[in-house]
Amino acid sequence: MTTFVQPVDVVIDTGALVPVARRSPGVVAVVGDADGATAPVSTPLVITGHADAIALFGKAGAATPLSRSLDLVLAQDPRPSKIYGVRTPAAGNYAAALTGLEAADDVTFVCLAGETNVGSATDGATPATGLRALAEHVETLSAAGNRRLAVAMIDPATAPSATYVDTVLAANSYGALRSATGRMVLVAARGATTDETADPNPVADAAAAVMGAIAGLAPAAGVVLERVRGLTMPITQQYAPSEVTGLAGQGVIPLVDPALGPGTGLFLGDGGTFSSDPARTYVDICRVLDDVEFRLRAGLAGDASITKAGLTSVRVRVEGILGPLQLGEVIDDFSVTIPLLAILALPESARTAAEEAQVVTARRTRQVSVLIGITYGPAVHRLNVTLAARR
């Protein structure tokens with residue numbers, strides 16, 4: 001019998017099929033007091049429903065500040081992709097609980113359950129308190145590469161006044177929370193409650209509700225007029241148009257019940273961050289940049305030699321990461337420039353002394369610069385329409 005010998009040998013290389021790590025952009029954590037709960041302190045625990053919140057963070061089946069805030073996150077539709085609860089070791093000891101949250105590197109949003117006290121900054125060995133502890137946490141973790149956004153609320157019990165906006169945003173009040181890097185989302189929901197029929201009305205954690213509503217959206221989604229569920233605002237406490245404009249103009253997101261929407265309900269009246277950085281003044285910009293950065297860091301991890309072929313593979317990998325975002329209309333355009341690759345594309349005999357020195361330096365230090373530019377087309381927040389009447 002004659003044996004047929006195949007003239008071609010094929011070797012299958014699956015090296016390029018290794019999945020790229022991705023961090024879900026909608027992972028939230030609520031840190032708060034839960035005295036008498038069974039959950040270990042300063043330990044992030046995943047919550048999937050009300051039963052989990054009560055079992056882990058309730059007190060003998062009764063609600064606690066932490067479980068109530070978790071319920072408001074769970075009430076949002078769509079929900080965040082993952083929800084953590086973290087119990088403080090003692091009432092108001094947020095610094096210790098936030099330290100326990102640092103290792104949960106998939107978290108993208110953090111809030112403090114029902115907290116409205118601005119608190120004080122870290123002073124030597126004395127840790128920060130109140131919302132300042134939250135602000136310091138997200139700033140420190142973000143600077144270390146683990147990007148997070150804080151969501152805080154202005155005290156819903158603050159009474160209406162002619163100087164309401166200026167008073168709550170004063171430097172010695174919530175103005176102290178303004179972030180230099182766009183890491184703070186500040187919510188205003190005067191009179192927010194979970195039950196208008198009760199006397200007194202229980203104060204609702206608007207920060208937790210808003211955090212859950214935003215985290216349930218895609219990073220590039222505009223958040224203006226997104227629905228926030230689980231709480232109401234008595235009509236006597238709702239913001240006047242001038243207050244909405246004043247708050248939004250300062251980077252605060254007021255909750256509103258606009259006549260433009262069908263039925264009644266609370267919606268996000270703006271989409272800004274409480275930031276002093278003019279490049280990071282909107283929530284969607286911060287979320288998209290954080291998401292793109294993580295995709296690049298995860299997708300470019302691995303071996304790449306400092307050769308023409310090696311750096312070409314790097315460029316192709318970047319294009320493979322950003323291309324789908326462009327097709328999905330998350331970004332409008334992008335460019336990838338690797339200056340050293342242009343030099344390596346030249347024959348050695350055609351390189352100048354300066355160019356050859358760049359190659360030598362890169363190979364000695366094992367560092368290569370990659371310049372990536374993206375064009376982001378943000379969501380429309382306001383249309384300026386001119387209506388011209390004719391006859």
# chains A, B, ... in the order shown; residues from 1 in each chain; ligands from 1
call {"tool": "residues_around", "arguments": {"residues": "A:Ala143", "least_positions_apart": "6", "cutoff": "12 Å", "atoms": "only C-alpha atoms", "output": "ChimeraX atom specification"}}
result
/A:136-137,149,180-183,290
call {"tool": "write_last_selection", "arguments": {"atoms": "N, CA, C and O atoms", "output": "compact mmCIF listing (two decimals), in the first residue's frame"}}
result
# COMPACT_ATOMS: atom_id res chain seq x y z
N GLU A 136 -9.48 61.36 50.06
CA GLU A 136 -8.06 60.97 50.10
C GLU A 136 -7.88 59.55 49.57
O GLU A 136 -6.87 59.26 48.90
N HIS A 137 -8.82 58.67 49.85
CA HIS A 137 -8.72 57.29 49.40
C HIS A 137 -8.66 57.21 47.87
O HIS A 137 -7.77 56.57 47.30
N LEU A 149 -13.48 56.64 41.37
CA LEU A 149 -14.25 57.87 41.54
C LEU A 149 -15.00 57.79 42.87
O LEU A 149 -15.57 56.75 43.21
N ALA A 180 -8.61 67.97 42.49
CA ALA A 180 -7.71 68.54 41.48
C ALA A 180 -7.54 67.62 40.29
O ALA A 180 -6.97 68.01 39.27
N THR A 181 -8.04 66.39 40.39
CA THR A 181 -7.86 65.40 39.32
C THR A 181 -9.19 64.80 38.85
O THR A 181 -9.20 63.76 38.19
N GLY A 182 -10.30 65.43 39.18
CA GLY A 182 -11.59 64.96 38.69
C GLY A 182 -12.07 63.68 39.33
O GLY A 182 -12.85 62.94 38.72
N ARG A 183 -11.68 63.42 40.57
CA ARG A 183 -12.01 62.14 41.22
C ARG A 183 -13.24 62.21 42.12
O ARG A 183 -13.58 61.23 42.75
N ASP A 290 -10.26 56.38 32.10
CA ASP A 290 -9.86 55.31 33.02
C ASP A 290 -9.98 53.94 32.34
O ASP A 290 -9.11 53.08 32.50
call {"tool": "residues_around", "arguments": {"residues": "stretch 62-64 of chain A", "least_positions_apart": "3", "cutoff": "8 Å", "atoms": "only C-alpha atoms", "output": "JSON, numbers by chain"}}
result
{"A": [33, 34, 35, 54, 57, 58, 59, 67, 68]}
call {"tool": "write_last_selection", "arguments": {"atoms": "N, CA and C atoms", "output": "JSON list (two decimals), in the first residue's frame"}}
result
[["chain", "number", "residue", "atom", "x", "y", "z"],
["A", 33, "ASP", "N", -21.23, 52.13, 58.42],
["A", 33, "ASP", "CA", -21.42, 51.59, 59.76],
["A", 33, "ASP", "C", -22.49, 50.49, 59.74],
["A", 34, "ALA", "N", -22.21, 49.41, 60.46],
["A", 34, "ALA", "CA", -23.15, 48.30, 60.59],
["A", 34, "ALA", "C", -22.93, 47.64, 61.94],
["A", 35, "ASP", "N", -23.18, 48.41, 62.98],
["A", 35, "ASP", "CA", -22.96, 47.91, 64.34],
["A", 35, "ASP", "C", -23.83, 46.68, 64.60],
["A", 54, "ILE", "N", -28.82, 42.28, 54.24],
["A", 54, "ILE", "CA", -29.33, 42.11, 55.60],
["A", 54, "ILE", "C", -28.57, 41.03, 56.35],
["A", 57, "PHE", "N", -24.83, 42.59, 56.74],
["A", 57, "PHE", "CA", -24.64, 43.91, 57.32],
["A", 57, "PHE", "C", -25.85, 44.41, 58.12],
["A", 58, "GLY", "N", -26.85, 43.56, 58.30],
["A", 58, "GLY", "CA", -27.97, 43.92, 59.14],
["A", 58, "GLY", "C", -27.68, 43.58, 60.59],
["A", 59, "LYS", "N", -28.54, 44.05, 61.48],
["A", 59, "LYS", "CA", -28.39, 43.75, 62.91],
["A", 59, "LYS", "C", -29.62, 42.98, 63.37],
["A", 67, "SER", "N", -26.56, 48.66, 55.25],
["A", 67, "SER", "CA", -27.50, 47.82, 54.49],
["A", 67, "SER", "C", -28.52, 48.69, 53.74],
["A", 68, "ARG", "N", -28.93, 49.80, 54.34],
["A", 68, "ARG", "CA", -29.88, 50.69, 53.66],
["A", 68, "ARG", "C", -29.26, 51.31, 52.41]]
call {"tool": "select_by_dssp", "arguments": {"residues": "stretch 206-267 of chain A", "states": "strand (DSSP E or B)", "output": "MDAnalysis selection string"}}
result
chainID A and resid 227:228 232 252:256 266:267
call {"tool": "residues_around", "arguments": {"residues": "A:Ala121", "least_positions_apart": "2", "cutoff": "12 Å", "atoms": "only C-alpha atoms", "output": "list in words"}}
result
Ala95, Val118, Gly119, Asp123, Gly124, Ala125, Thr126, Pro127, Ala128, Thr129, Gly130, Leu131, Arg132, Ala133, Leu134, Ala135, Glu136, His137, Ala176 and Leu177 of chain A
call {"tool": "select_by_dssp", "arguments": {"residues": "stretch 149-316 of chain A", "states": "alpha helix (DSSP H)", "output": "PyMOL selection string"}}
result
chain A and resi 164-168+206-215+241-249+283-299+308-316
call {"tool": "closest_atom_pairs", "arguments": {"of": "stretch 267-317 of chain A", "to": "stretch 341-363 of chain A", "cutoff": "10 Å", "atoms": "only C-alpha atoms", "output": "tab-separated table"}}
result
residue	atom	partner	partner_atom	distance
A:Ser305	CA	A:Arg363	CA	9.1
A:Ile306	CA	A:Arg363	CA	6.5
A:Thr307	CA	A:Leu344	CA	6.7
A:Lys308	CA	A:Leu344	CA	5.4
A:Ala309	CA	A:Leu341	CA	8.9
A:Gly310	CA	A:Leu341	CA	9.1
A:Leu311	CA	A:Leu341	CA	6.1
A:Thr312	CA	A:Leu341	CA	7.2
A:Val314	CA	A:Leu341	CA	10.0
A:Arg315	CA	A:Leu341	CA	9.3
call {"tool": "closest_atom_pairs", "arguments": {"of": "stretch 235-299 of chain A", "to": "stretch 367-388 of chain A", "cutoff": "9 Å", "atoms": "only C-alpha atoms", "output": "JSON lines"}}
result
{"residue": "A:Asp270", "atom": "CA", "partner": "A:His381", "partner_atom": "CA", "distance": 7.6}
{"residue": "A:Gly271", "atom": "CA", "partner": "A:His381", "partner_atom": "CA", "distance": 7.7}
{"residue": "A:Asp284", "atom": "CA", "partner": "A:Pro378", "partner_atom": "CA", "distance": 7.7}
{"residue": "A:Ile285", "atom": "CA", "partner": "A:Pro378", "partner_atom": "CA", "distance": 7.4}
{"residue": "A:Val288", "atom": "CA", "partner": "A:Tyr376", "partner_atom": "CA", "distance": 8.9}
call {"tool": "closest_residue", "arguments": {"among": "A:Gly272, A:Val10, A:Tyr164, A:Leu101", "to": "A:Pro44", "atoms": "only C-alpha atoms"}}
result
A:Leu101
call {"tool": "residues_around", "arguments": {"residues": "A:Pro241", "least_positions_apart": "4", "cutoff": "12 Å", "atoms": "only C-alpha atoms", "output": "PDB file with N, CA, C and O atoms, in the first residue's frame"}}
result
ATOM      1  N   THR A 245     -29.070  75.593  38.084  1.00  0.00           N
ATOM      2  CA  THR A 245     -28.017  76.204  37.270  1.00  0.00           C
ATOM      3  C   THR A 245     -26.782  76.514  38.106  1.00  0.00           C
ATOM      4  O   THR A 245     -25.645  76.270  37.680  1.00  0.00           O
ATOM      5  N   GLY A 246     -26.990  77.032  39.308  1.00  0.00           N
ATOM      6  CA  GLY A 246     -25.860  77.366  40.176  1.00  0.00           C
ATOM      7  C   GLY A 246     -25.079  76.151  40.610  1.00  0.00           C
ATOM      8  O   GLY A 246     -23.838  76.158  40.599  1.00  0.00           O
ATOM      9  N   LEU A 247     -25.760  75.095  40.984  1.00  0.00           N
ATOM     10  CA  LEU A 247     -25.090  73.868  41.413  1.00  0.00           C
ATOM     11  C   LEU A 247     -24.341  73.223  40.240  1.00  0.00           C
ATOM     12  O   LEU A 247     -23.166  72.858  40.356  1.00  0.00           O
ATOM     13  N   ALA A 248     -25.026  73.082  39.107  1.00  0.00           N
ATOM     14  CA  ALA A 248     -24.404  72.453  37.940  1.00  0.00           C
ATOM     15  C   ALA A 248     -23.207  73.268  37.451  1.00  0.00           C
ATOM     16  O   ALA A 248     -22.193  72.705  37.018  1.00  0.00           O
ATOM     17  N   PRO A 254     -27.252  68.017  40.651  1.00  0.00           N
ATOM     18  CA  PRO A 254     -28.486  68.081  41.426  1.00  0.00           C
ATOM     19  C   PRO A 254     -29.481  67.032  40.924  1.00  0.00           C
ATOM     20  O   PRO A 254     -29.519  66.726  39.728  1.00  0.00           O
ATOM     21  N   LEU A 255     -30.276  66.473  41.819  1.00  0.00           N
ATOM     22  CA  LEU A 255     -31.364  65.597  41.406  1.00  0.00           C
ATOM     23  C   LEU A 255     -32.594  66.452  41.153  1.00  0.00           C
ATOM     24  O   LEU A 255     -32.928  67.334  41.957  1.00  0.00           O
ATOM     25  N   VAL A 256     -33.258  66.191  40.039  1.00  0.00           N
ATOM     26  CA  VAL A 256     -34.398  67.005  39.628  1.00  0.00           C
ATOM     27  C   VAL A 256     -35.545  66.106  39.187  1.00  0.00           C
ATOM     28  O   VAL A 256     -35.354  64.946  38.832  1.00  0.00           O
ATOM     29  N   ASP A 257     -36.745  66.661  39.223  1.00  0.00           N
ATOM     30  CA  ASP A 257     -37.945  65.990  38.714  1.00  0.00           C
ATOM     31  C   ASP A 257     -38.520  66.868  37.612  1.00  0.00           C
ATOM     32  O   ASP A 257     -39.443  67.651  37.831  1.00  0.00           O
ATOM     33  N   PRO A 258     -37.964  66.771  36.394  1.00  0.00           N
ATOM     34  CA  PRO A 258     -38.330  67.709  35.332  1.00  0.00           C
ATOM     35  C   PRO A 258     -39.683  67.378  34.708  1.00  0.00           C
ATOM     36  O   PRO A 258     -40.072  66.216  34.599  1.00  0.00           O
ATOM     37  N   GLY A 269     -29.548  65.956  37.142  1.00  0.00           N
ATOM     38  CA  GLY A 269     -29.707  67.250  36.500  1.00  0.00           C
ATOM     39  C   GLY A 269     -28.475  67.753  35.776  1.00  0.00           C
ATOM     40  O   GLY A 269     -28.537  68.779  35.091  1.00  0.00           O
TER      41      GLY A 269
END
